[in-house]
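Structure data follow from upload-v5.cif (mmCIF, C-alpha atoms (C1' of nucleotides)):
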```
data_target
loop_
_atom_site.group_PDB
_atom_site.id
_atom_site.type_symbol
_atom_site.label_atom_id
_atom_site.label_comp_id
_atom_site.auth_asym_id
_atom_site.auth_seq_id
_atom_site.Cartn_x
_atom_site.Cartn_y
_atom_site.Cartn_z
ATOM 1 C CA MET A 1 -9.913 17.696 29.568
ATOM 2 C CA THR A 2 -6.772 15.597 29.472
ATOM 3 C CA ALA A 3 -5.968 12.799 31.904
ATOM 4 C CA SER A 4 -3.149 14.755 33.490
ATOM 5 C CA ALA A 5 -5.395 17.769 33.863
ATOM 6 C CA ALA A 6 -7.856 15.549 35.712
ATOM 7 C CA THR A 7 -5.036 14.445 37.983
ATOM 8 C CA ASP A 8 -4.184 18.049 38.701
ATOM 9 C CA VAL A 9 -7.801 18.759 39.494
ATOM 10 C CA ARG A 10 -7.896 15.910 41.950
ATOM 11 C CA ALA A 11 -4.643 17.026 43.552
ATOM 12 C CA SER A 12 -6.039 20.496 44.049
ATOM 13 C CA LEU A 13 -9.249 19.109 45.491
ATOM 14 C CA LEU A 14 -7.152 17.094 47.917
ATOM 15 C CA ALA A 15 -5.232 20.214 48.921
ATOM 16 C CA GLU A 16 -8.520 22.000 49.590
ATOM 17 C CA ALA A 17 -10.025 19.225 51.667
ATOM 18 C CA PRO A 18 -11.218 20.841 54.908
ATOM 19 C CA CYS A 19 -10.112 18.099 57.284
ATOM 20 C CA CYS A 20 -6.767 17.178 55.782
ATOM 21 C CA GLY A 21 -3.282 18.503 55.971
ATOM 22 C CA ILE A 22 -0.699 17.346 53.503
ATOM 23 C CA THR A 23 -1.810 14.209 51.718
ATOM 24 C CA THR A 24 1.010 11.741 52.172
ATOM 25 C CA PRO A 25 1.281 9.243 49.363
ATOM 26 C CA GLY A 26 2.194 6.505 51.813
ATOM 27 C CA GLY A 27 5.405 4.545 51.714
ATOM 28 C CA LEU A 28 3.824 1.793 49.645
ATOM 29 C CA THR A 29 3.199 1.996 45.921
ATOM 30 C CA ARG A 30 0.343 0.131 44.282
ATOM 31 C CA GLU A 31 2.802 -2.376 42.845
ATOM 32 C CA GLN A 32 4.583 -2.963 46.137
ATOM 33 C CA ALA A 33 1.260 -3.451 47.879
ATOM 34 C CA GLU A 34 0.125 -5.986 45.287
ATOM 35 C CA THR A 35 3.382 -7.906 45.466
ATOM 36 C CA SER A 36 3.284 -8.071 49.258
ATOM 37 C CA ALA A 37 -0.409 -8.950 49.309
ATOM 38 C CA ALA A 38 0.169 -11.818 46.881
ATOM 39 C CA LEU A 39 2.840 -13.258 49.167
ATOM 40 C CA LEU A 40 0.630 -12.797 52.227
ATOM 41 C CA LYS A 41 -2.316 -14.452 50.477
ATOM 42 C CA ALA A 42 -0.198 -17.570 50.058
ATOM 43 C CA VAL A 43 0.203 -17.895 53.820
ATOM 44 C CA ALA A 44 -3.208 -16.539 54.847
ATOM 45 C CA ASP A 45 -4.795 -19.979 54.882
ATOM 46 C CA PRO A 46 -5.022 -22.323 57.869
ATOM 47 C CA VAL A 47 -4.200 -25.438 55.864
ATOM 48 C CA ARG A 48 -1.127 -23.859 54.278
ATOM 49 C CA LEU A 49 0.066 -22.565 57.656
ATOM 50 C CA ARG A 50 -0.197 -26.095 59.015
ATOM 51 C CA LEU A 51 1.637 -27.522 56.023
ATOM 52 C CA LEU A 52 4.508 -25.087 56.571
ATOM 53 C CA SER A 53 4.523 -25.909 60.263
ATOM 54 C CA ILE A 54 4.570 -29.670 59.655
ATOM 55 C CA ILE A 55 7.355 -29.429 57.091
ATOM 56 C CA ARG A 56 9.420 -27.277 59.445
ATOM 57 C CA ASP A 57 8.997 -29.703 62.338
ATOM 58 C CA SER A 58 9.640 -32.836 60.276
ATOM 59 C CA GLU A 59 12.913 -34.694 60.669
ATOM 60 C CA GLY A 60 15.390 -33.521 58.088
ATOM 61 C CA GLY A 61 13.255 -30.434 57.524
ATOM 62 C CA GLU A 62 11.309 -32.107 54.748
ATOM 63 C CA ALA A 63 8.034 -33.972 54.327
ATOM 64 C CA CYS A 64 6.371 -35.904 51.519
ATOM 65 C CA VAL A 65 2.757 -35.669 50.403
ATOM 66 C CA CYS A 66 2.102 -39.092 51.909
ATOM 67 C CA ASP A 67 2.873 -37.548 55.300
ATOM 68 C CA LEU A 68 1.114 -34.263 54.748
ATOM 69 C CA THR A 69 -2.159 -35.603 53.366
ATOM 70 C CA PRO A 70 -3.213 -37.587 56.454
ATOM 71 C CA ALA A 71 -1.726 -34.946 58.746
ATOM 72 C CA VAL A 72 -4.107 -32.247 57.572
ATOM 73 C CA GLY A 73 -7.022 -34.611 56.951
ATOM 74 C CA LEU A 74 -7.914 -33.427 53.458
ATOM 75 C CA ALA A 75 -8.098 -35.140 50.081
ATOM 76 C CA GLN A 76 -4.787 -35.674 48.276
ATOM 77 C CA PRO A 77 -5.595 -33.326 45.353
ATOM 78 C CA THR A 78 -6.450 -30.606 47.843
ATOM 79 C CA VAL A 79 -3.108 -30.973 49.594
ATOM 80 C CA SER A 80 -1.361 -31.027 46.233
ATOM 81 C CA HIS A 81 -3.127 -27.795 45.339
ATOM 82 C CA HIS A 82 -2.006 -26.058 48.521
ATOM 83 C CA LEU A 83 1.573 -27.238 48.026
ATOM 84 C CA LYS A 84 1.474 -25.797 44.535
ATOM 85 C CA VAL A 85 0.343 -22.423 45.869
ATOM 86 C CA LEU A 86 3.172 -22.413 48.406
ATOM 87 C CA THR A 87 5.682 -23.502 45.767
ATOM 88 C CA GLU A 88 4.625 -20.816 43.300
ATOM 89 C CA ALA A 89 4.956 -18.263 46.085
ATOM 90 C CA GLY A 90 8.552 -19.406 46.557
ATOM 91 C CA LEU A 91 7.953 -20.505 50.140
ATOM 92 C CA ILE A 92 8.766 -24.177 49.631
ATOM 93 C CA GLU A 93 10.615 -26.259 47.069
ATOM 94 C CA ARG A 94 9.879 -29.695 45.663
ATOM 95 C CA GLU A 95 12.305 -32.551 45.163
ATOM 96 C CA LYS A 96 11.099 -35.763 43.622
ATOM 97 C CA ARG A 97 12.863 -38.865 44.907
ATOM 98 C CA GLY A 98 11.514 -42.031 43.369
ATOM 99 C CA THR A 99 7.756 -42.073 43.511
ATOM 100 C CA TRP A 100 7.611 -39.554 46.319
ATOM 101 C CA ALA A 101 7.716 -35.782 46.312
ATOM 102 C CA TRP A 102 9.535 -34.119 49.195
ATOM 103 C CA TYR A 103 8.946 -30.527 50.215
ATOM 104 C CA ARG A 104 11.332 -28.237 52.070
ATOM 105 C CA LEU A 105 11.007 -24.685 53.374
ATOM 106 C CA LEU A 106 12.817 -21.811 51.662
ATOM 107 C CA PRO A 107 13.789 -19.648 54.650
ATOM 108 C CA ALA A 108 14.770 -16.631 52.567
ATOM 109 C CA ARG A 109 11.216 -16.308 51.318
ATOM 110 C CA LEU A 110 9.815 -16.596 54.815
ATOM 111 C CA GLU A 111 12.145 -13.755 55.711
ATOM 112 C CA ASP A 112 10.470 -11.761 52.947
ATOM 113 C CA VAL A 113 7.142 -12.272 54.707
ATOM 114 C CA ARG A 114 8.592 -11.047 57.987
ATOM 115 C CA SER A 115 10.133 -8.021 56.335
ATOM 116 C CA ILE A 116 6.743 -6.798 55.124
ATOM 117 C CA PHE A 117 5.912 -5.714 58.657
ATOM 118 C CA SER A 118 9.276 -4.579 59.951
ATOM 119 C CA MET B 1 -17.227 -48.935 64.021
ATOM 120 C CA THR B 2 -16.907 -46.010 66.372
ATOM 121 C CA ALA B 3 -15.323 -42.702 65.497
ATOM 122 C CA SER B 4 -12.388 -43.306 67.806
ATOM 123 C CA ALA B 5 -11.873 -46.734 66.259
ATOM 124 C CA ALA B 6 -11.719 -45.069 62.847
ATOM 125 C CA THR B 7 -9.078 -42.710 64.233
ATOM 126 C CA ASP B 8 -7.057 -45.657 65.451
ATOM 127 C CA VAL B 9 -7.294 -47.283 62.039
ATOM 128 C CA ARG B 10 -6.004 -44.148 60.378
ATOM 129 C CA ALA B 11 -3.187 -43.844 62.905
ATOM 130 C CA SER B 12 -2.114 -47.417 62.174
ATOM 131 C CA LEU B 13 -2.266 -46.768 58.451
ATOM 132 C CA LEU B 14 -0.019 -43.776 59.000
ATOM 133 C CA ALA B 15 2.429 -45.872 60.974
ATOM 134 C CA GLU B 16 2.524 -48.392 58.127
ATOM 135 C CA ALA B 17 3.121 -45.827 55.396
ATOM 136 C CA PRO B 18 6.122 -47.052 53.385
ATOM 137 C CA CYS B 19 7.770 -43.695 52.820
ATOM 138 C CA CYS B 20 7.273 -42.059 56.166
ATOM 139 C CA GLY B 21 9.049 -42.070 59.474
ATOM 140 C CA ILE B 22 7.392 -40.715 62.571
ATOM 141 C CA THR B 23 4.409 -38.581 61.716
ATOM 142 C CA THR B 24 4.973 -35.278 63.453
ATOM 143 C CA PRO B 25 1.784 -33.429 64.347
ATOM 144 C CA GLY B 26 3.409 -30.084 63.595
ATOM 145 C CA GLY B 27 3.712 -27.266 66.112
ATOM 146 C CA LEU B 28 0.438 -25.696 64.971
ATOM 147 C CA THR B 29 -2.992 -26.898 66.030
ATOM 148 C CA ARG B 30 -6.018 -26.488 63.799
ATOM 149 C CA GLU B 31 -7.279 -23.690 66.031
ATOM 150 C CA GLN B 32 -3.970 -21.843 66.112
ATOM 151 C CA ALA B 33 -3.726 -22.086 62.336
ATOM 152 C CA GLU B 34 -7.223 -20.695 61.876
ATOM 153 C CA THR B 35 -6.579 -17.834 64.283
ATOM 154 C CA SER B 36 -3.326 -16.880 62.568
ATOM 155 C CA ALA B 37 -4.828 -17.259 59.093
ATOM 156 C CA ALA B 38 -7.709 -14.962 60.026
ATOM 157 C CA LEU B 39 -5.264 -12.261 61.084
ATOM 158 C CA LEU B 40 -3.166 -12.744 57.956
ATOM 159 C CA LYS B 41 -6.247 -12.568 55.727
ATOM 160 C CA ALA B 42 -6.916 -9.100 57.113
ATOM 161 C CA VAL B 43 -3.567 -7.862 55.831
ATOM 162 C CA ALA B 44 -3.378 -10.007 52.664
ATOM 163 C CA ASP B 45 -4.990 -7.361 50.494
ATOM 164 C CA PRO B 46 -3.216 -4.641 48.530
ATOM 165 C CA VAL B 47 -5.721 -1.945 49.436
ATOM 166 C CA ARG B 48 -5.560 -2.714 53.134
ATOM 167 C CA LEU B 49 -1.762 -2.778 53.058
ATOM 168 C CA ARG B 50 -1.793 0.634 51.483
ATOM 169 C CA LEU B 51 -4.279 1.940 54.038
ATOM 170 C CA LEU B 52 -2.027 0.764 56.873
ATOM 171 C CA SER B 53 0.951 2.320 55.153
ATOM 172 C CA ILE B 54 -0.761 5.649 54.614
ATOM 173 C CA ILE B 55 -2.007 5.808 58.198
ATOM 174 C CA ARG B 56 1.481 5.015 59.493
ATOM 175 C CA ASP B 57 3.086 7.738 57.373
ATOM 176 C CA SER B 58 0.478 10.392 58.124
ATOM 177 C CA GLU B 59 1.332 13.249 60.435
ATOM 178 C CA GLY B 60 0.290 12.444 63.948
ATOM 179 C CA GLY B 61 0.042 8.784 62.991
ATOM 180 C CA GLU B 62 -3.595 9.109 62.078
ATOM 181 C CA ALA B 63 -5.681 9.635 58.965
ATOM 182 C CA CYS B 64 -9.346 10.271 58.248
ATOM 183 C CA VAL B 65 -11.491 8.623 55.602
ATOM 184 C CA CYS B 66 -11.484 11.852 53.630
ATOM 185 C CA ASP B 67 -7.722 11.414 53.232
ATOM 186 C CA LEU B 68 -7.756 7.692 52.626
ATOM 187 C CA THR B 69 -10.510 7.549 50.028
ATOM 188 C CA PRO B 70 -8.801 9.687 47.366
ATOM 189 C CA ALA B 71 -5.408 8.230 48.283
ATOM 190 C CA VAL B 72 -6.401 4.693 47.289
ATOM 191 C CA GLY B 73 -8.688 5.773 44.475
ATOM 192 C CA LEU B 74 -11.693 3.641 45.387
ATOM 193 C CA ALA B 75 -15.292 4.441 46.278
ATOM 194 C CA GLN B 76 -15.938 5.657 49.813
ATOM 195 C CA PRO B 77 -18.049 2.612 50.847
ATOM 196 C CA THR B 78 -15.235 0.344 49.673
ATOM 197 C CA VAL B 79 -12.693 2.169 51.810
ATOM 198 C CA SER B 80 -15.080 2.080 54.745
ATOM 199 C CA HIS B 81 -15.413 -1.667 54.260
ATOM 200 C CA HIS B 82 -11.645 -2.217 54.317
ATOM 201 C CA LEU B 83 -11.270 -0.046 57.406
ATOM 202 C CA LYS B 84 -13.921 -2.137 59.106
ATOM 203 C CA VAL B 85 -12.026 -5.335 58.295
ATOM 204 C CA LEU B 86 -8.818 -3.867 59.725
ATOM 205 C CA THR B 87 -10.655 -2.594 62.800
ATOM 206 C CA GLU B 88 -12.307 -5.935 63.497
ATOM 207 C CA ALA B 89 -8.902 -7.585 63.173
ATOM 208 C CA GLY B 90 -7.645 -5.241 65.889
ATOM 209 C CA LEU B 91 -5.048 -3.659 63.609
ATOM 210 C CA ILE B 92 -6.426 -0.123 63.736
ATOM 211 C CA GLU B 93 -8.730 1.864 65.975
ATOM 212 C CA ARG B 94 -11.323 4.465 65.170
ATOM 213 C CA GLU B 95 -11.880 7.798 66.856
ATOM 214 C CA LYS B 96 -14.674 10.045 65.740
ATOM 215 C CA ARG B 97 -13.949 13.752 66.047
ATOM 216 C CA GLY B 98 -16.795 15.862 64.811
ATOM 217 C CA THR B 99 -17.937 14.729 61.421
ATOM 218 C CA TRP B 100 -14.690 12.915 60.688
ATOM 219 C CA ALA B 101 -13.457 9.479 61.651
ATOM 220 C CA TRP B 102 -9.755 9.181 62.400
ATOM 221 C CA TYR B 103 -7.902 5.907 62.256
ATOM 222 C CA ARG B 104 -4.705 4.973 64.079
ATOM 223 C CA LEU B 105 -2.518 1.872 64.029
ATOM 224 C CA LEU B 106 -2.482 -0.537 66.962
ATOM 225 C CA PRO B 107 1.201 -1.563 67.042
ATOM 226 C CA ALA B 108 0.675 -4.462 69.448
ATOM 227 C CA ARG B 109 -1.540 -6.213 66.906
ATOM 228 C CA LEU B 110 0.995 -5.658 64.141
ATOM 229 C CA GLU B 111 3.506 -7.308 66.455
ATOM 230 C CA ASP B 112 1.152 -10.300 66.564
ATOM 231 C CA VAL B 113 1.400 -10.545 62.773
ATOM 232 C CA ARG B 114 5.188 -10.486 62.944
ATOM 233 C CA SER B 115 5.268 -13.118 65.660
ATOM 234 C CA ILE B 116 3.445 -15.622 63.447
ATOM 235 C CA PHE B 117 6.648 -16.129 61.459
ATOM 236 C CA SER B 118 9.291 -15.765 64.140
ATOM 237 C "C1'" DT C 1 6.083 -54.575 29.163
ATOM 238 C "C1'" DC C 2 2.568 -54.645 32.516
ATOM 239 C "C1'" DT C 3 0.777 -53.567 37.116
ATOM 240 C "C1'" DA C 4 0.552 -50.932 41.328
ATOM 241 C "C1'" DG C 5 1.227 -46.915 43.890
ATOM 242 C "C1'" DA C 6 2.309 -41.735 44.532
ATOM 243 C "C1'" DT C 7 1.484 -37.316 42.918
ATOM 244 C "C1'" DA C 8 -0.389 -33.795 39.688
ATOM 245 C "C1'" DT C 9 -4.014 -31.967 36.805
ATOM 246 C "C1'" DT C 10 -8.723 -31.150 35.364
ATOM 247 C "C1'" DG C 11 -13.463 -29.810 35.894
ATOM 248 C "C1'" DA C 12 -17.209 -28.733 38.724
ATOM 249 C "C1'" DC C 13 -19.518 -26.830 42.812
ATOM 250 C "C1'" DG C 14 -20.447 -23.900 46.686
ATOM 251 C "C1'" DT C 15 -18.551 -20.210 49.427
ATOM 252 C "C1'" DT C 16 -16.132 -16.103 50.331
ATOM 253 C "C1'" DC C 17 -14.692 -11.645 48.938
ATOM 254 C "C1'" DA C 18 -13.915 -6.968 46.706
ATOM 255 C "C1'" DT C 19 -16.422 -3.545 44.668
ATOM 256 C "C1'" DC C 20 -20.024 -0.236 43.841
ATOM 257 C "C1'" DG C 21 -24.621 2.427 43.861
ATOM 258 C "C1'" DA C 22 -28.209 3.586 46.817
ATOM 259 C "C1'" DT C 23 -29.445 4.676 51.192
ATOM 260 C "C1'" DA C 24 -29.176 5.450 56.238
ATOM 261 C "C1'" DT C 25 -27.033 7.763 60.145
ATOM 262 C "C1'" DA C 26 -24.757 11.367 62.389
ATOM 263 C "C1'" DT C 27 -22.719 15.948 62.935
ATOM 264 C "C1'" DC C 28 -21.946 20.717 61.989
ATOM 265 C "C1'" DC C 29 -23.640 25.255 60.751
ATOM 266 C "C1'" DG C 30 -26.800 28.866 59.446
ATOM 267 C "C1'" DC D 1 -35.211 23.259 62.452
ATOM 268 C "C1'" DG D 2 -33.169 22.368 57.828
ATOM 269 C "C1'" DG D 3 -29.452 21.805 54.498
ATOM 270 C "C1'" DA D 4 -24.852 20.155 53.704
ATOM 271 C "C1'" DT D 5 -21.152 17.063 54.561
ATOM 272 C "C1'" DA D 6 -18.734 12.772 56.353
ATOM 273 C "C1'" DT D 7 -19.079 8.098 57.267
ATOM 274 C "C1'" DA D 8 -21.425 3.594 57.721
ATOM 275 C "C1'" DT D 9 -24.615 0.057 56.190
ATOM 276 C "C1'" DC D 10 -27.250 -2.567 52.768
ATOM 277 C "C1'" DG D 11 -27.936 -5.272 48.633
ATOM 278 C "C1'" DA D 12 -26.315 -6.890 44.393
ATOM 279 C "C1'" DT D 13 -22.799 -8.571 41.205
ATOM 280 C "C1'" DG D 14 -18.789 -10.713 39.357
ATOM 281 C "C1'" DA D 15 -14.371 -12.740 40.451
ATOM 282 C "C1'" DA D 16 -11.412 -15.578 43.254
ATOM 283 C "C1'" DC D 17 -10.932 -19.429 46.268
ATOM 284 C "C1'" DG D 18 -11.097 -24.128 48.736
ATOM 285 C "C1'" DT D 19 -12.616 -28.557 48.130
ATOM 286 C "C1'" DC D 20 -13.381 -32.993 45.999
ATOM 287 C "C1'" DA D 21 -14.092 -36.895 42.449
ATOM 288 C "C1'" DA D 22 -12.311 -38.419 38.313
ATOM 289 C "C1'" DT D 23 -8.504 -38.829 35.571
ATOM 290 C "C1'" DA D 24 -3.772 -38.320 33.893
ATOM 291 C "C1'" DT D 25 1.205 -38.790 34.581
ATOM 292 C "C1'" DC D 26 5.177 -40.760 36.301
ATOM 293 C "C1'" DT D 27 8.087 -44.219 38.736
ATOM 294 C "C1'" DA D 28 9.365 -48.720 40.741
ATOM 295 C "C1'" DG D 29 9.306 -53.377 40.542
ATOM 296 C "C1'" DA D 30 7.844 -57.955 38.819
#
```

Serialized structure, structure tokens:
Amino acid sequence: MTASAATDVRASLLAEAPCCGITTPGGLTREQAETSAALLKAVADPVRLRLLSIIRDSEGGEACVCDLTPAVGLAQPTVSHHLKVLTEAGLIEREKRGTWAWYRLLPARLEDVRSIFS
Amino acid sequence: MTASAATDVRASLLAEAPCCGITTPGGLTREQAETSAALLKAVADPVRLRLLSIIRDSEGGEACVCDLTPAVGLAQPTVSHHLKVLTEAGLIEREKRGTWAWYRLLPARLEDVRSIFS
DNA sequence: TCTAGATATTGACGTTCATCGATATATCCG
DNA sequence: CGGATATATCGATGAACGTCAATATCTAGA
């Protein structure tokens, strides 16, 4: 039996299912779901939510690691790790000024998060 | 040294930090962050996003496990597990009719997710 | 160039999580 | 009652994750 034949078999089994009407594929493809879930995973952490919140409420809309580390009460490498996750998700950006690294929100990406559930 | 004295010491160290201005506490408390993160964790999974999507797009706004299991292509206990996570997060509700269990969205809770980033 | 301080990276450890097979529970029907 | 079907629970397993200590990298200033 070929792979596509197996797919057809499953489709027909679905059609015969006693409790179900038409099987809707759902508006979300596997790829879309994985993309959205990856973005949501980046914000589904209490420390990262607090980091975003602190950056947003900081004067000038930016904060350096020397602010963030004591504010969340975790070790500096841990904070650096969380900032990296947020940066790779496109939610914040990093600007190095002198010895310090300043982080700012990227509002467009936060809008992407909102749009997942709209 | 008492615990509160240690807190004072850390506060003074913060005030002395060379790169920082006023240390803003951020609009989010530890508890609020944990509550929001718990809700986000429930939706930060590709399978659960697809389950929500399929339920939303199903006729009558409800779907049974016999629909959902083949639709996501995972084992039935796995789907049951994800539905339990969504139910405990308050995002869906379960109604048993005969042998089948039907799941429906709870829009108010989805609004809670949206409000986290508004 | 050398030292000190700020941040990033690495490696390890314990926990949480997604998944599945086996099994239990519950409902319908003959 | 007994068999068949739908769903939930249990237990195990491997992967992903959060955290930290140690270390590396980079910059400013003497």

Carefully work through the PyMOL selection byres ((chain B and resi 24-40) around 8) for this structure and note down the residues it includes, as a JSON list (two decimals) with C-alpha atoms, in the coordinates of the input.
```json
[["chain", "number", "residue", "atom", "x", "y", "z"],
["A", 40, "LEU", "CA", 0.63, -12.80, 52.23],
["A", 41, "LYS", "CA", -2.32, -14.45, 50.48],
["A", 43, "VAL", "CA", 0.20, -17.90, 53.82],
["A", 44, "ALA", "CA", -3.21, -16.54, 54.85],
["A", 45, "ASP", "CA", -4.80, -19.98, 54.88],
["A", 46, "PRO", "CA", -5.02, -22.32, 57.87],
["A", 47, "VAL", "CA", -4.20, -25.44, 55.86],
["A", 49, "LEU", "CA", 0.07, -22.56, 57.66],
["A", 50, "ARG", "CA", -0.20, -26.10, 59.02],
["A", 53, "SER", "CA", 4.52, -25.91, 60.26],
["A", 54, "ILE", "CA", 4.57, -29.67, 59.66],
["A", 55, "ILE", "CA", 7.36, -29.43, 57.09],
["A", 56, "ARG", "CA", 9.42, -27.28, 59.44],
["A", 57, "ASP", "CA", 9.00, -29.70, 62.34],
["A", 58, "SER", "CA", 9.64, -32.84, 60.28],
["A", 71, "ALA", "CA", -1.73, -34.95, 58.75],
["B", 22, "ILE", "CA", 7.39, -40.72, 62.57],
["B", 23, "THR", "CA", 4.41, -38.58, 61.72],
["B", 41, "LYS", "CA", -6.25, -12.57, 55.73],
["B", 42, "ALA", "CA", -6.92, -9.10, 57.11],
["B", 43, "VAL", "CA", -3.57, -7.86, 55.83],
["B", 44, "ALA", "CA", -3.38, -10.01, 52.66],
["B", 89, "ALA", "CA", -8.90, -7.58, 63.17],
["B", 113, "VAL", "CA", 1.40, -10.54, 62.77],
["B", 116, "ILE", "CA", 3.44, -15.62, 63.45]]
```

Exercise for the section: Give me the result of the PyMOL selection byres ((chain B) within 12 of (chain C)) on this file, residue by residue, as a ChimeraX atom specification. Expected result: /B:17-19,41-42,45-48,74-82,85,96-101

Write the selection just made, keeping C-alpha atoms, as a compact mmCIF listing (two decimals), in the coordinates of the input?
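Below is the file part-v1.txt, written as the result:
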```txt
# COMPACT_ATOMS: atom_id res chain seq x y z
CA ALA B 17 3.12 -45.83 55.40
CA PRO B 18 6.12 -47.05 53.38
CA CYS B 19 7.77 -43.70 52.82
CA LYS B 41 -6.25 -12.57 55.73
CA ALA B 42 -6.92 -9.10 57.11
CA ASP B 45 -4.99 -7.36 50.49
CA PRO B 46 -3.22 -4.64 48.53
CA VAL B 47 -5.72 -1.94 49.44
CA ARG B 48 -5.56 -2.71 53.13
CA LEU B 74 -11.69 3.64 45.39
CA ALA B 75 -15.29 4.44 46.28
CA GLN B 76 -15.94 5.66 49.81
CA PRO B 77 -18.05 2.61 50.85
CA THR B 78 -15.24 0.34 49.67
CA VAL B 79 -12.69 2.17 51.81
CA SER B 80 -15.08 2.08 54.74
CA HIS B 81 -15.41 -1.67 54.26
CA HIS B 82 -11.64 -2.22 54.32
CA VAL B 85 -12.03 -5.34 58.30
CA LYS B 96 -14.67 10.04 65.74
CA ARG B 97 -13.95 13.75 66.05
CA GLY B 98 -16.80 15.86 64.81
CA THR B 99 -17.94 14.73 61.42
CA TRP B 100 -14.69 12.92 60.69
CA ALA B 101 -13.46 9.48 61.65
```

Exercise for the section: Choose the residue, out of B:Glu95, B:Phe117, B:Val65, B:Pro107, that has the smallest atom-to-atom separation from chain A; count all atoms listed in the file. Expected result: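 For chain A, the nearest of the given residues is B:Phe117.
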
Handout entry: Check: which chain D residues lie within 10 Å of chain B using all atoms listed in the file, as a PyMOL selection string
Key = chain D and resi 5-9

Handout entry: d(CA of Thr69 (chain A), CA of Leu105 (chain A)) in Å
Key =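 Computing it gives 17.1 Å between the two atoms.
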
Problem - Two-atom distance - CA of Leu110 (chain B), CA of Ser118 (chain A) (Å) - result: 9.3 Å

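Here CA of Gly90 (chain B) stands at a distance of 14.3 Å from CA of Leu51 (chain B).
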